[in-house]
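The structure file input-v4.txt is reproduced below (compact mmCIF, C-alpha atoms and all ligand atoms).
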```
# COMPACT_ATOMS: atom_id res chain seq x y z
CA MET A 48 -77.39 -20.03 -12.28
CA VAL A 49 -74.60 -19.46 -14.81
CA MET A 50 -76.00 -18.52 -18.18
CA GLU A 51 -73.98 -20.11 -20.99
CA GLY A 52 -74.29 -17.34 -23.49
CA LYS A 53 -73.94 -14.41 -21.14
CA GLY A 54 -73.18 -11.36 -23.21
CA LYS A 55 -72.38 -13.22 -26.45
CA VAL A 56 -74.01 -11.81 -29.56
CA VAL A 57 -75.34 -14.19 -32.21
CA CYS A 58 -77.44 -13.72 -35.34
CA VAL A 59 -80.47 -15.85 -36.23
CA THR A 60 -81.75 -15.52 -39.80
CA GLY A 61 -85.50 -15.81 -40.40
CA ALA A 62 -86.05 -15.25 -36.67
CA GLY A 63 -89.85 -15.12 -36.86
CA GLY A 64 -90.24 -18.62 -38.36
CA PHE A 65 -91.37 -21.82 -36.63
CA LEU A 66 -87.95 -23.25 -35.78
CA ALA A 67 -86.07 -19.97 -35.46
CA SER A 68 -88.56 -18.57 -32.93
CA TRP A 69 -87.84 -21.49 -30.58
CA LEU A 70 -84.11 -21.00 -31.03
CA VAL A 71 -84.39 -17.26 -30.28
CA LYS A 72 -86.37 -18.12 -27.13
CA LEU A 73 -83.71 -20.62 -26.05
CA LEU A 74 -80.82 -18.25 -26.76
CA LEU A 75 -82.48 -15.40 -24.85
CA SER A 76 -83.16 -17.64 -21.87
CA ASP A 77 -79.49 -18.74 -21.95
CA GLY A 78 -78.26 -15.14 -21.73
CA TYR A 79 -77.30 -14.56 -25.38
CA ARG A 80 -77.88 -11.27 -27.12
CA VAL A 81 -79.63 -11.98 -30.39
CA HIS A 82 -79.69 -10.19 -33.73
CA GLY A 83 -82.78 -11.62 -35.41
CA THR A 84 -83.36 -11.01 -39.09
CA VAL A 85 -86.95 -10.67 -40.31
CA ARG A 86 -88.29 -9.38 -43.59
CA ASP A 87 -90.54 -6.87 -41.84
CA PRO A 88 -89.99 -6.04 -38.14
CA ASN A 89 -93.37 -4.30 -38.01
CA ASP A 90 -95.36 -7.21 -39.42
CA GLU A 91 -97.76 -8.63 -36.83
CA LYS A 92 -96.50 -12.12 -37.58
CA ASN A 93 -93.24 -11.19 -35.82
CA THR A 94 -94.68 -9.58 -32.67
CA HIS A 95 -94.38 -12.83 -30.68
CA LEU A 96 -90.59 -12.32 -30.70
CA LYS A 97 -90.89 -9.07 -28.80
CA THR A 98 -92.80 -10.76 -25.97
CA LEU A 99 -90.19 -13.47 -25.33
CA GLU A 100 -88.47 -13.40 -21.95
CA ASN A 101 -85.38 -11.08 -22.04
CA ALA A 102 -86.34 -9.86 -25.53
CA GLU A 103 -86.65 -6.26 -24.49
CA GLU A 104 -83.00 -6.06 -23.39
CA ASN A 105 -81.37 -8.68 -25.57
CA LEU A 106 -83.21 -9.04 -28.87
CA ARG A 107 -82.60 -6.67 -31.77
CA LEU A 108 -84.60 -7.20 -34.93
CA PHE A 109 -82.98 -6.36 -38.27
CA LYS A 110 -84.93 -5.96 -41.49
CA ALA A 111 -83.17 -8.31 -43.88
CA GLU A 112 -83.88 -10.18 -47.09
CA LEU A 113 -81.81 -13.19 -48.16
CA LEU A 114 -81.01 -11.67 -51.55
CA ASP A 115 -79.89 -8.34 -50.10
CA TYR A 116 -76.30 -8.84 -48.98
CA GLY A 117 -76.06 -5.45 -47.26
CA SER A 118 -79.08 -6.14 -45.06
CA LEU A 119 -77.62 -9.48 -43.89
CA SER A 120 -74.17 -8.02 -43.39
CA ALA A 121 -75.60 -5.29 -41.11
CA ALA A 122 -77.30 -7.92 -38.93
CA ILE A 123 -74.24 -10.21 -38.76
CA ALA A 124 -71.65 -7.48 -38.04
CA GLY A 125 -70.40 -7.73 -34.46
CA CYS A 126 -71.73 -11.28 -33.95
CA GLU A 127 -69.74 -14.18 -32.53
CA GLY A 128 -71.80 -16.72 -34.42
CA VAL A 129 -74.65 -17.16 -36.88
CA PHE A 130 -77.57 -19.56 -37.08
CA HIS A 131 -78.71 -19.61 -40.69
CA ILE A 132 -82.31 -20.80 -40.67
CA ALA A 133 -84.16 -18.58 -43.18
CA CYS A 134 -85.31 -20.32 -46.35
CA PRO A 135 -88.59 -20.50 -48.22
CA VAL A 136 -90.52 -23.57 -47.00
CA PRO A 137 -93.49 -23.91 -49.35
CA SER A 138 -96.68 -25.58 -48.15
CA SER A 139 -98.04 -26.07 -51.66
CA LYS A 140 -96.71 -26.68 -55.17
CA VAL A 141 -94.14 -24.11 -56.21
CA THR A 142 -95.20 -22.37 -59.44
CA SER A 143 -92.05 -20.37 -60.15
CA PRO A 144 -89.27 -22.59 -58.75
CA GLU A 145 -86.31 -20.44 -59.71
CA ASN A 146 -87.56 -17.23 -58.09
CA GLU A 147 -89.60 -18.68 -55.24
CA MET A 148 -87.24 -21.40 -54.08
CA VAL A 149 -83.94 -22.05 -55.85
CA VAL A 150 -82.42 -18.56 -55.90
CA PRO A 151 -83.33 -17.50 -52.32
CA ALA A 152 -82.19 -20.84 -50.88
CA ILE A 153 -78.84 -20.94 -52.69
CA ASP A 154 -77.86 -17.30 -53.14
CA GLY A 155 -79.32 -16.50 -49.71
CA THR A 156 -77.10 -19.12 -48.09
CA LEU A 157 -74.01 -17.84 -49.88
CA ASN A 158 -74.83 -14.26 -48.88
CA VAL A 159 -75.15 -15.30 -45.22
CA LEU A 160 -71.88 -17.26 -45.33
CA LYS A 161 -69.96 -14.46 -47.04
CA ALA A 162 -71.26 -11.90 -44.54
CA SER A 163 -70.26 -14.30 -41.75
CA SER A 164 -66.72 -14.60 -43.11
CA GLU A 165 -66.50 -10.85 -43.43
CA ALA A 166 -67.59 -10.48 -39.79
CA LYS A 167 -65.06 -13.17 -38.76
CA VAL A 168 -67.63 -15.13 -36.77
CA ARG A 169 -66.51 -18.17 -34.78
CA ARG A 170 -69.02 -20.59 -36.32
CA VAL A 171 -72.08 -20.74 -38.55
CA VAL A 172 -74.70 -23.39 -37.83
CA MET A 173 -76.79 -23.85 -40.95
CA VAL A 174 -80.13 -25.64 -41.19
CA SER A 175 -80.33 -27.94 -44.18
CA SER A 176 -82.84 -30.83 -44.27
CA THR A 177 -83.14 -34.58 -44.59
CA GLY A 178 -84.57 -33.49 -47.95
CA ALA A 179 -80.89 -32.98 -48.86
CA VAL A 180 -80.02 -36.45 -47.57
CA TYR A 181 -82.24 -39.25 -48.77
CA VAL A 182 -84.37 -38.25 -51.73
CA LYS A 183 -83.37 -40.68 -54.46
CA PRO A 184 -84.91 -43.40 -56.58
CA GLY A 185 -84.71 -46.97 -55.44
CA TRP A 186 -83.42 -46.33 -51.96
CA PRO A 187 -82.76 -47.84 -49.49
CA GLU A 188 -81.78 -50.93 -51.44
CA GLU A 189 -78.11 -50.03 -51.22
CA ASP A 190 -78.13 -49.63 -47.45
CA LYS A 191 -80.72 -49.62 -44.71
CA ILE A 192 -78.92 -47.19 -42.46
CA ILE A 193 -79.15 -43.63 -43.69
CA ASP A 194 -76.41 -41.45 -42.23
CA GLU A 195 -74.61 -38.20 -42.98
CA GLU A 196 -72.78 -39.74 -45.98
CA TRP A 197 -76.03 -39.80 -47.96
CA TRP A 198 -76.85 -37.06 -50.46
CA THR A 199 -80.08 -36.46 -52.32
CA ASP A 200 -80.10 -37.06 -56.07
CA LYS A 201 -80.62 -33.62 -57.62
CA GLU A 202 -81.56 -34.99 -61.07
CA PHE A 203 -84.28 -37.10 -59.44
CA CYS A 204 -85.58 -33.99 -57.65
CA LYS A 205 -85.70 -32.15 -60.98
CA GLN A 206 -87.57 -34.98 -62.70
CA THR A 207 -90.10 -35.14 -59.86
CA GLU A 208 -90.28 -31.32 -59.60
CA ASN A 209 -89.28 -31.52 -55.95
CA TRP A 210 -87.90 -27.98 -55.92
CA TYR A 211 -87.63 -27.72 -52.15
CA CYS A 212 -85.30 -30.72 -51.83
CA PHE A 213 -83.46 -29.71 -55.01
CA SER A 214 -82.74 -26.26 -53.55
CA LYS A 215 -81.86 -27.47 -50.04
CA THR A 216 -79.36 -29.96 -51.52
CA ILE A 217 -77.60 -27.41 -53.71
CA ALA A 218 -77.64 -24.78 -50.93
CA GLU A 219 -75.93 -27.22 -48.58
CA GLU A 220 -73.41 -28.36 -51.22
CA LYS A 221 -72.52 -24.79 -52.15
CA GLY A 222 -72.30 -23.85 -48.47
CA LEU A 223 -69.88 -26.71 -47.90
CA ASP A 224 -67.76 -25.67 -50.91
CA TYR A 225 -67.68 -22.10 -49.69
CA ALA A 226 -66.64 -23.15 -46.18
CA ARG A 227 -63.84 -25.37 -47.56
CA GLU A 228 -62.49 -22.55 -49.73
CA SER A 229 -62.77 -19.80 -47.14
CA GLY A 230 -61.95 -21.71 -43.96
CA LEU A 231 -65.28 -20.71 -42.37
CA ASP A 232 -66.33 -23.04 -39.53
CA LEU A 233 -69.69 -24.33 -40.84
CA VAL A 234 -71.80 -26.98 -39.11
CA ARG A 235 -74.78 -28.30 -41.10
CA VAL A 236 -77.92 -29.75 -39.52
CA CYS A 237 -80.44 -31.88 -41.40
CA PRO A 238 -83.75 -32.15 -39.55
CA CYS A 239 -86.61 -34.40 -40.71
CA LEU A 240 -90.28 -33.36 -40.44
CA ILE A 241 -90.41 -30.84 -37.58
CA LEU A 242 -93.56 -30.84 -35.44
CA GLY A 243 -94.43 -29.37 -32.04
CA PRO A 244 -96.08 -26.29 -30.56
CA MET A 245 -95.75 -23.00 -32.45
CA LEU A 246 -94.64 -19.69 -30.99
CA GLN A 247 -95.47 -17.75 -34.14
CA PRO A 248 -99.11 -16.86 -34.94
CA THR A 249 -99.18 -18.09 -38.55
CA LEU A 250 -99.23 -21.73 -39.63
CA ASN A 251 -95.92 -22.92 -41.12
CA ALA A 252 -95.65 -25.68 -43.72
CA SER A 253 -94.72 -28.62 -41.47
CA SER A 254 -97.37 -27.75 -38.85
CA SER A 255 -99.91 -27.64 -41.67
CA VAL A 256 -99.14 -31.34 -42.34
CA LEU A 257 -100.42 -32.12 -38.84
CA VAL A 258 -103.47 -29.89 -39.40
CA ARG A 259 -104.25 -31.77 -42.61
CA ILE A 260 -103.86 -35.12 -40.82
CA LEU A 261 -106.30 -33.98 -38.11
CA LYS A 262 -108.71 -32.81 -40.82
CA GLY A 263 -108.40 -36.15 -42.62
CA VAL A 264 -107.19 -34.57 -45.85
CA GLU A 265 -103.44 -35.37 -45.84
CA ASP A 266 -102.59 -37.91 -48.54
CA LEU A 267 -100.42 -40.50 -46.78
CA THR A 268 -100.69 -43.17 -49.47
CA SER A 269 -97.04 -42.81 -50.46
CA HIS A 270 -95.77 -42.36 -46.89
CA SER A 271 -95.56 -45.65 -45.07
CA LEU A 272 -92.97 -44.24 -42.66
CA LEU A 273 -92.76 -40.79 -41.07
CA ASP A 274 -89.57 -39.26 -39.63
CA ILE A 275 -90.44 -36.80 -36.88
CA VAL A 276 -88.53 -34.46 -34.57
CA ASP A 277 -89.83 -31.89 -32.08
CA VAL A 278 -89.16 -28.24 -32.89
CA ARG A 279 -87.79 -27.60 -29.36
CA ASP A 280 -85.38 -30.51 -29.75
CA VAL A 281 -84.11 -29.13 -33.07
CA ALA A 282 -83.56 -25.75 -31.40
CA SER A 283 -81.58 -27.43 -28.61
CA ALA A 284 -79.56 -29.37 -31.21
CA LEU A 285 -78.64 -26.11 -32.95
CA LEU A 286 -77.40 -24.58 -29.71
CA LEU A 287 -75.52 -27.75 -28.77
CA LEU A 288 -73.78 -27.72 -32.16
CA TYR A 289 -72.89 -24.08 -31.69
CA ASP A 290 -71.51 -24.62 -28.20
CA LYS A 291 -69.53 -27.83 -28.64
CA ALA A 292 -66.07 -27.06 -30.01
CA GLU A 293 -65.76 -30.61 -31.37
CA ALA A 294 -68.94 -30.38 -33.50
CA THR A 295 -68.01 -30.64 -37.17
CA GLY A 296 -69.53 -31.39 -40.55
CA ARG A 297 -73.09 -32.60 -40.96
CA TYR A 298 -75.69 -33.86 -38.46
CA ILE A 299 -78.96 -35.66 -39.12
CA CYS A 300 -81.54 -34.46 -36.57
CA SER A 301 -84.36 -37.00 -36.28
CA SER A 302 -85.96 -38.56 -33.19
CA TYR A 303 -88.51 -41.08 -34.46
CA THR A 304 -89.18 -43.08 -37.58
CA VAL A 305 -92.72 -44.41 -37.19
CA LYS A 306 -95.12 -46.28 -39.39
CA ALA A 307 -97.62 -43.69 -40.60
CA SER A 308 -100.45 -46.02 -39.61
CA ASP A 309 -99.02 -46.32 -36.07
CA TYR A 310 -98.77 -42.55 -35.83
CA ILE A 311 -102.41 -42.19 -36.90
CA ASP A 312 -103.39 -44.86 -34.33
CA MET A 313 -101.51 -42.94 -31.63
CA LEU A 314 -103.21 -39.67 -32.59
CA GLU A 315 -106.60 -41.39 -32.66
CA SER A 316 -106.09 -42.83 -29.18
CA MET A 317 -105.20 -39.34 -27.86
CA TYR A 318 -107.76 -37.38 -29.91
CA PRO A 319 -110.53 -39.80 -30.94
CA ASN A 320 -112.92 -37.21 -32.38
CA TYR A 321 -111.10 -36.32 -35.59
CA LYS A 322 -111.58 -38.01 -38.93
CA TYR A 323 -108.15 -39.40 -39.82
CA PRO A 324 -106.76 -40.23 -43.28
CA LYS A 325 -105.94 -43.82 -44.22
CA ALA A 326 -102.26 -44.69 -44.03
CA PRO A 327 -100.53 -47.76 -45.47
CA THR A 328 -100.11 -50.54 -42.92
CA GLU A 329 -97.35 -52.24 -44.96
CA VAL A 330 -93.93 -50.60 -44.99
CA ASP A 331 -92.76 -50.35 -48.61
CA ARG A 332 -89.20 -49.23 -47.85
CA ASP A 333 -87.64 -49.95 -44.54
CA TYR A 334 -84.75 -47.88 -43.23
CA VAL A 335 -83.07 -46.40 -40.19
CA LEU A 336 -82.47 -42.66 -40.32
CA SER A 337 -79.50 -42.38 -38.01
CA ALA A 338 -79.04 -39.41 -35.67
CA GLU A 339 -76.25 -41.29 -33.87
CA LYS A 340 -73.66 -38.61 -34.59
CA LEU A 341 -75.81 -35.97 -32.87
CA LYS A 342 -76.67 -38.28 -29.97
CA GLN A 343 -72.94 -38.90 -29.43
CA LEU A 344 -72.60 -35.17 -28.72
CA GLY A 345 -75.17 -35.49 -25.94
CA TRP A 346 -78.39 -34.53 -27.78
CA LYS A 347 -81.58 -35.52 -25.93
CA TYR A 348 -85.14 -35.43 -27.22
CA ARG A 349 -88.72 -35.67 -26.05
CA THR A 350 -91.11 -38.55 -26.41
CA LEU A 351 -93.30 -38.60 -29.50
CA GLU A 352 -96.39 -38.55 -27.26
CA GLU A 353 -95.32 -35.34 -25.48
CA SER A 354 -94.37 -33.66 -28.72
CA THR A 355 -97.62 -34.63 -30.43
CA LYS A 356 -99.79 -33.63 -27.46
CA ASP A 357 -98.13 -30.21 -27.18
CA ALA A 358 -98.47 -29.65 -30.94
CA VAL A 359 -102.15 -30.61 -31.16
CA ASP A 360 -103.13 -28.81 -27.95
CA HIS A 361 -101.48 -25.66 -29.28
CA LEU A 362 -103.30 -25.89 -32.62
CA ILE A 363 -106.62 -26.21 -30.75
CA LYS A 364 -105.80 -23.33 -28.37
CA ALA A 365 -104.75 -21.11 -31.28
CA GLY A 366 -108.02 -21.91 -33.08
CA LEU A 367 -106.18 -23.43 -36.04
CA ILE A 368 -108.25 -26.62 -35.73
CA SER A 369 -111.56 -27.37 -34.05
CA GLU A 370 -111.63 -29.28 -30.77
CA GLY A 371 -112.75 -32.34 -32.70
N1 LIG B 401 -90.27 -27.54 -40.71
C1 LIG B 401 -89.69 -28.63 -41.16
O1 LIG B 401 -90.28 -29.72 -41.15
C2 LIG B 401 -88.26 -28.57 -41.64
C3 LIG B 401 -87.58 -29.79 -41.85
C4 LIG B 401 -86.26 -29.75 -42.26
C5 LIG B 401 -85.62 -28.54 -42.47
N2 LIG B 401 -86.32 -27.38 -42.27
C6 LIG B 401 -85.60 -26.12 -42.48
O2 LIG B 401 -85.68 -25.38 -41.27
C7 LIG B 401 -85.66 -23.98 -41.56
C8 LIG B 401 -86.83 -23.31 -40.87
O3 LIG B 401 -88.03 -23.88 -41.34
P1 LIG B 401 -89.43 -23.58 -40.60
O4 LIG B 401 -90.18 -24.83 -40.62
O5 LIG B 401 -89.20 -22.87 -39.35
O6 LIG B 401 -90.10 -22.63 -41.70
P2 LIG B 401 -90.77 -21.18 -41.58
O7 LIG B 401 -91.56 -21.05 -40.34
O8 LIG B 401 -91.47 -20.98 -42.89
O9 LIG B 401 -89.52 -20.23 -41.47
C9 LIG B 401 -88.78 -19.86 -42.60
C10 LIG B 401 -88.25 -18.45 -42.36
O10 LIG B 401 -87.45 -18.07 -43.48
C11 LIG B 401 -87.79 -16.74 -43.83
N3 LIG B 401 -87.56 -16.48 -45.25
C12 LIG B 401 -88.03 -17.18 -46.31
N4 LIG B 401 -87.61 -16.62 -47.45
C13 LIG B 401 -86.87 -15.53 -47.09
C14 LIG B 401 -86.17 -14.52 -47.82
N5 LIG B 401 -86.15 -14.52 -49.16
N6 LIG B 401 -85.52 -13.56 -47.13
C15 LIG B 401 -85.54 -13.55 -45.78
N7 LIG B 401 -86.18 -14.46 -45.03
C16 LIG B 401 -86.84 -15.44 -45.70
C17 LIG B 401 -89.26 -16.63 -43.51
O11 LIG B 401 -89.62 -15.29 -43.40
P3 LIG B 401 -91.12 -14.77 -43.72
O12 LIG B 401 -91.90 -15.10 -42.48
O13 LIG B 401 -90.96 -13.32 -43.95
O14 LIG B 401 -91.60 -15.54 -44.90
C18 LIG B 401 -89.34 -17.40 -42.20
O15 LIG B 401 -89.01 -16.57 -41.12
C19 LIG B 401 -85.64 -23.87 -43.08
O16 LIG B 401 -84.31 -23.71 -43.50
C20 LIG B 401 -86.18 -25.21 -43.53
O17 LIG B 401 -85.73 -25.54 -44.83
C21 LIG B 401 -87.62 -27.36 -41.85
```

For this file, write the structure as structure tokens.
Ligand SMILES: NC(=O)c1ccc[n+]([C@@H]2O[C@H](COP(=O)([O-])OP(=O)(O)OC[C@H]3O[C@@H](n4cnc5c(N)ncnc54)[C@H](OP(=O)(O)O)[C@@H]3O)[C@@H](O)[C@H]2O)c1
Amino acid sequence: MVMEGKGKVVCVTGAGGFLASWLVKLLLSDGYRVHGTVRDPNDEKNTHLKTLENAEENLRLFKAELLDYGSLSAAIAGCEGVFHIACPVPSSKVTSPENEMVVPAIDGTLNVLKASSEAKVRRVVMVSSTGAVYVKPGWPEEDKIIDEEWWTDKEFCKQTENWYCFSKTIAEEKGLDYARESGLDLVRVCPCLILGPMLQPTLNASSSVLVRILKGVEDLTSHSLLDIVDVRDVASALLLLYDKAEATGRYICSSYTVKASDYIDMLESMYPNYKYPKAPTEVDRDYVLSAEKLKQLGWKYRTLEESTKDAVDHLIKAGLISEG
């Protein structure tokens, strides 16, 4: 078998996180050598990385913090490409938005991009979010198809204290500006809610949404539709966008838009013993979140049933929820 990445060295920021761990696994299995940045290589929450197949020979962990340019630059030096994934992803209300969210997301992104330019990498694939795409008042009146032309309204985020989407939007905008000025090849990926099995031992924010649904405590009253993508399919999208020379600009990465009530019904039919939250049966705002551009490049994704089953079974096995 020919391994695509044989010998190539790439950097993955925030390597120990939910999405990044799956990407590191995929890269290592494809023959890449990986420089993974983590805040603390000796923290137990990162030990899963060391047990991945080929990690012993091909994974090097670098201690790096998004606001410490030198630490990022050391990890990126000598790399052919960079996957910028690290960003705070809060699971509860942010109390100090500037320090906790805004500065690390924006300045961290610029630090990674500058270090990438300095290292003359071939391409940076950066993870943004649909939170930078479609958070605005009154949508989707103007159009039912949401594509890569859409941008979140930052003022609306400020008014609603949605600091995560505020920061992701500015980080992506500033990243784009920097790439235009410097000539850096930057591809931006905007995933929706990422679910699926976890490789890391600690619960990340999006997996905790599923835990709260299974515990019946997630408030779905204002969510008539859910946009869902499997973590393994996002990882494969990132690698596809790195590999394909013709990939350019921005890509929405979303597999399914489902009625929240249908999703709860599906979960209930698979796992009948949990107490599920009520979800609206009427859709208040209908839309199509289009991942056409990514599909045109050849992106494939799992069924929602497979993704959901693997996610819930993992949560049970890891003891993060009861068996119901
Ligand atoms: N999960 C989703 O539903 C979703 C949807 C759309 C976009 N995204 C984006 O996807 C990316 C990965 O998210 P995820 O769900 O995998 O979250 P995650 O598991 O929380 O991973 C985030 C990673 O970023 C690192 N990080 C945070 N602040 C940092 C800092 N100041 N310096 C260095 N590293 C820092 C974290 O390190 P520590 O472990 O040390 O905190 C962690 O490894 C993020 O950019 C997120 O915005 C996620």

Exercise: Pro238 (chain A) partners within 7 Å, all atoms listed in the file, chain neighbours under 6 positions left out, as a ChimeraX atom specification = /A:176-177,299-301

Write to file, as a tab-separated table (two decimals), in the frame of the given file, the residues of the selection just made, with C-alpha atoms.
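What follows is the written file out_13.tsv:
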```tsv
chain	number	residue	atom	x	y	z
A	176	SER	CA	-82.84	-30.83	-44.27
A	177	THR	CA	-83.14	-34.58	-44.59
A	299	ILE	CA	-78.96	-35.66	-39.12
A	300	CYS	CA	-81.54	-34.46	-36.57
A	301	SER	CA	-84.36	-37.00	-36.28
```

request  = May I ask you to write as a ChimeraX atom specification all residues lying at most 8 Å from ligand LIG 401 (chain B), with all atoms listed in the file counted?
outcome  = /A:60-68,84-87,92-93,111-114,131-137,151-152,155,173-178,211,215,237-242,250-254,278

inquiry  = One number please: CA of Gln343 (chain A) to CA of Ala358 (chain A), in Å, one decimal.
reply    =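 Value for the CA of Gln343 (chain A)-CA of Ala358 (chain A) distance: 27.2 Å.
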
Ref. answer, residues at most 8 Å from (-82.8, -40.4, -51.9) with only C-alpha atoms, as a ChimeraX atom specification = /A:180-187,197-200

ask   = If you measure from CA of Leu108 (chain A) to CA of Leu96 (chain A), what distance in Å do you get, rounded to one decimal?
value =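 Spanning CA of Leu108 (chain A) to CA of Leu96 (chain A) is a straight-line distance of 8.9 Å.
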
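One distance worth recording is that between CA of His361 (chain A) and CA of Met245 (chain A), which is 7.1 Å.
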
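Proximity ranking of A:Leu287, A:Ser163, A:Ser139, A:Gly371 relative to Pro319 (chain A) places A:Gly371 first, based on only C-alpha atoms.
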
key: Among the residues A:Tyr289, A:Phe203, A:Gly83, A:Pro327, the one that comes closest to Ala179 (chain A) [using only C-alpha atoms]   =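 Under the stated criterion, the closest residue is A:Phe203.
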
ask   = For Trp210 (chain A), which residue out of A:Thr355, A:Asn158, A:Thr142, A:Gln247 is the nearest one, using only C-alpha atoms?
value =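 Selected residue with least distance to Trp210 (chain A): A:Thr142.
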